[in-house]
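Participant: I have a structure I would like to understand better, so I am pasting it below and will then ask my questions one at a time.
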Amino acid sequence: MFLSSFTSWSTQMTSITKVSGRKTLARLIESGRCPAVEAPKYANELKSLAEEVADVQVTGKQGRFFKALADETRLRILKLLEVREMCVCEAMVALDLTQPTASHHLGLLENAGFVKSRKEGKWVFYKIANPDLIKKMHQLTLL
């Protein structure tokens with residue numbers, strides 16, 4: 001009896017793994033989170049949930065936002081730009097950065113919407129894009 005049940009379970013697991021192309025669904029069944037016969041339906045429910053609450057575009061924007069804040073140099077640049085607009089070379093001197101490094105950090109901050117740039121001849125100047133956002137971050141003691 002036990003061998004028969006195990007063989008049946010093993011066959012189901014093998015077919016589910018083949019159908020889904022992933023061992024993760026088989027592991028989900030093995031964990032007891034869902035019965036094998038309900039696995040495809042459960043997988044679709046989970047995917048729908050992920051699409052509903054974790055939209056790829058929204059989380060991408062959030063990822064860029066938090067990545068921009070996840071570096072001490074970028075935080076220091078933001079603090080400098082709170083005081084006044086600066087060109088890349090001023091940020092380089094203030095923080096002892098190379099030009100490529102300063103430009104990289106400023107580009108990430110700009111991509112995340114924290115700063116905006118303007119060109120004046122061959123010079124690029126940066127300033128805080130949304131001062132209200134920075135004020136709210138101070139209120140939350142994030143800056």
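Each chain in the structure tokens gets a letter, A, B and so on, in the order shown; residues start at 1 in every chain, and ligands are counted from 1 in the order they appear.
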Check which residues of segment 46-107 of chain A sit at most 10 Å from segment 112-127 of chain A using only C-alpha atoms, and return one row each with the closest pair of atoms and their distance in Å to one decimal, ordered by chain and rising number, as JSON lines.
Facilitator:
```
{"residue": "A:Lys61", "atom": "CA", "partner": "A:Ala112", "partner_atom": "CA", "distance": 7.3}
{"residue": "A:Gln62", "atom": "CA", "partner": "A:Ala112", "partner_atom": "CA", "distance": 8.5}
{"residue": "A:Gly63", "atom": "CA", "partner": "A:Ala112", "partner_atom": "CA", "distance": 8.8}
{"residue": "A:Arg64", "atom": "CA", "partner": "A:Ala112", "partner_atom": "CA", "distance": 5.4}
{"residue": "A:Phe65", "atom": "CA", "partner": "A:Ala112", "partner_atom": "CA", "distance": 5.0}
{"residue": "A:Phe66", "atom": "CA", "partner": "A:Ala112", "partner_atom": "CA", "distance": 8.4}
{"residue": "A:Lys67", "atom": "CA", "partner": "A:Ala112", "partner_atom": "CA", "distance": 8.4}
{"residue": "A:Ala68", "atom": "CA", "partner": "A:Ala112", "partner_atom": "CA", "distance": 6.5}
{"residue": "A:Leu69", "atom": "CA", "partner": "A:Ala112", "partner_atom": "CA", "distance": 9.3}
{"residue": "A:Ile77", "atom": "CA", "partner": "A:Val115", "partner_atom": "CA", "distance": 9.9}
{"residue": "A:Leu78", "atom": "CA", "partner": "A:Phe114", "partner_atom": "CA", "distance": 8.0}
{"residue": "A:Leu80", "atom": "CA", "partner": "A:Lys127", "partner_atom": "CA", "distance": 9.3}
{"residue": "A:Leu81", "atom": "CA", "partner": "A:Lys127", "partner_atom": "CA", "distance": 5.6}
{"residue": "A:Glu82", "atom": "CA", "partner": "A:Lys127", "partner_atom": "CA", "distance": 7.6}
{"residue": "A:Val83", "atom": "CA", "partner": "A:Lys127", "partner_atom": "CA", "distance": 9.2}
{"residue": "A:Arg84", "atom": "CA", "partner": "A:Lys127", "partner_atom": "CA", "distance": 6.9}
{"residue": "A:Glu85", "atom": "CA", "partner": "A:Lys127", "partner_atom": "CA", "distance": 4.6}
{"residue": "A:Met86", "atom": "CA", "partner": "A:Phe125", "partner_atom": "CA", "distance": 5.4}
{"residue": "A:Cys87", "atom": "CA", "partner": "A:Phe125", "partner_atom": "CA", "distance": 4.1}
{"residue": "A:Val88", "atom": "CA", "partner": "A:Val124", "partner_atom": "CA", "distance": 6.4}
{"residue": "A:Cys89", "atom": "CA", "partner": "A:Trp123", "partner_atom": "CA", "distance": 8.7}
{"residue": "A:Glu90", "atom": "CA", "partner": "A:Phe125", "partner_atom": "CA", "distance": 9.4}
{"residue": "A:Ala91", "atom": "CA", "partner": "A:Tyr126", "partner_atom": "CA", "distance": 9.6}
{"residue": "A:Ser103", "atom": "CA", "partner": "A:Val124", "partner_atom": "CA", "distance": 9.8}
{"residue": "A:Leu106", "atom": "CA", "partner": "A:Val115", "partner_atom": "CA", "distance": 7.6}
{"residue": "A:Gly107", "atom": "CA", "partner": "A:Ala112", "partner_atom": "CA", "distance": 8.5}
```
Participant: I'd like the interatomic distance between atom CA of Ile134 of chain A and atom CA of Met92 of chain A, to a tenth of an Å.
Facilitator: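 Computing the Euclidean distance for atom CA of Ile134 of chain A and atom CA of Met92 of chain A yields 21.9 Å.
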Participant: May I have all residues of chain A that DSSP, computed from the backbone, assigns to strand (DSSP E), given as a list in words?
Facilitator: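 So the strand (DSSP E) residues in chain A would be Met86, Cys87, Val115, Lys116, Ser117, Arg118, Lys119, Glu120, Trp123, Val124, Phe125, Tyr126, Lys127 and Ile128 of chain A.
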Participant: Give me a file of those residues, with N, CA and C atoms, as a PDB file, in the first residue's frame.
Facilitator:
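Output contents, as saved in again_23.pdb:
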```
ATOM      1  N   MET A  86      25.155  72.423  -8.050  1.00  0.00           N
ATOM      2  CA  MET A  86      26.593  72.235  -8.252  1.00  0.00           C
ATOM      3  C   MET A  86      26.857  71.607  -9.605  1.00  0.00           C
ATOM      4  N   CYS A  87      28.033  71.932 -10.143  1.00  0.00           N
ATOM      5  CA  CYS A  87      28.464  71.234 -11.352  1.00  0.00           C
ATOM      6  C   CYS A  87      29.189  69.960 -10.922  1.00  0.00           C
ATOM      7  N   VAL A 115      17.531  64.134  -8.624  1.00  0.00           N
ATOM      8  CA  VAL A 115      18.173  65.352  -9.119  1.00  0.00           C
ATOM      9  C   VAL A 115      17.826  65.552 -10.592  1.00  0.00           C
ATOM     10  N   LYS A 116      18.001  66.786 -11.032  1.00  0.00           N
ATOM     11  CA  LYS A 116      17.868  67.066 -12.458  1.00  0.00           C
ATOM     12  C   LYS A 116      19.073  67.883 -12.889  1.00  0.00           C
ATOM     13  N   SER A 117      19.380  67.774 -14.167  1.00  0.00           N
ATOM     14  CA  SER A 117      20.586  68.440 -14.673  1.00  0.00           C
ATOM     15  C   SER A 117      20.218  69.480 -15.711  1.00  0.00           C
ATOM     16  N   ARG A 118      21.148  70.398 -15.883  1.00  0.00           N
ATOM     17  CA  ARG A 118      21.042  71.368 -16.960  1.00  0.00           C
ATOM     18  C   ARG A 118      22.443  71.618 -17.488  1.00  0.00           C
ATOM     19  N   LYS A 119      22.528  71.820 -18.787  1.00  0.00           N
ATOM     20  CA  LYS A 119      23.836  72.084 -19.402  1.00  0.00           C
ATOM     21  C   LYS A 119      23.997  73.576 -19.614  1.00  0.00           C
ATOM     22  N   GLU A 120      25.193  74.017 -19.367  1.00  0.00           N
ATOM     23  CA  GLU A 120      25.562  75.404 -19.623  1.00  0.00           C
ATOM     24  C   GLU A 120      26.925  75.343 -20.312  1.00  0.00           C
ATOM     25  N   TRP A 123      29.532  72.589 -19.312  1.00  0.00           N
ATOM     26  CA  TRP A 123      29.339  72.267 -17.902  1.00  0.00           C
ATOM     27  C   TRP A 123      27.947  71.682 -17.680  1.00  0.00           C
ATOM     28  N   VAL A 124      27.878  70.705 -16.792  1.00  0.00           N
ATOM     29  CA  VAL A 124      26.590  70.128 -16.404  1.00  0.00           C
ATOM     30  C   VAL A 124      26.377  70.431 -14.929  1.00  0.00           C
ATOM     31  N   PHE A 125      25.251  71.070 -14.637  1.00  0.00           N
ATOM     32  CA  PHE A 125      24.902  71.439 -13.271  1.00  0.00           C
ATOM     33  C   PHE A 125      23.755  70.563 -12.782  1.00  0.00           C
ATOM     34  N   TYR A 126      23.797  70.221 -11.514  1.00  0.00           N
ATOM     35  CA  TYR A 126      22.767  69.381 -10.912  1.00  0.00           C
ATOM     36  C   TYR A 126      22.142  70.101  -9.732  1.00  0.00           C
ATOM     37  N   LYS A 127      20.840  69.851  -9.559  1.00  0.00           N
ATOM     38  CA  LYS A 127      20.139  70.363  -8.382  1.00  0.00           C
ATOM     39  C   LYS A 127      19.060  69.366  -7.991  1.00  0.00           C
ATOM     40  N   ILE A 128      18.531  69.537  -6.803  1.00  0.00           N
ATOM     41  CA  ILE A 128      17.468  68.664  -6.313  1.00  0.00           C
ATOM     42  C   ILE A 128      16.246  68.840  -7.211  1.00  0.00           C
TER      43      ILE A 128
END
```
Participant: Could you check how far atom CA of Met137 of chain A sits from atom CA of Val93 of chain A, in Å to one decimal?
Facilitator: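 Interatomic distance, atom CA of Met137 of chain A to atom CA of Val93 of chain A: 26.1 Å.
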Participant: So that I can see what lies close to Arg33 of chain A, please list as a list in words the residues with an atom at most 10 Å from it, counting only C-alpha atoms and leaving out residues fewer than 6 positions away in the same chain.
Facilitator: Arg27, Ala39 and Tyr42 of chain A
Participant: Between atom CA of Ala54 of chain A and atom CA of Thr73 of chain A, what is the distance, to one decimal in Å?
Facilitator: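 Spanning atom CA of Ala54 of chain A to atom CA of Thr73 of chain A is a straight-line distance of 29.2 Å.
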Participant: Let's see if you can do this: from backbone DSSP, list all alpha helix (DSSP H) residues in segment 42-135 of chain A, as a VMD selection string.
Facilitator: chain A and resid 42 to 53 56 to 69 72 to 83 88 to 95 99 to 111 131 to 135
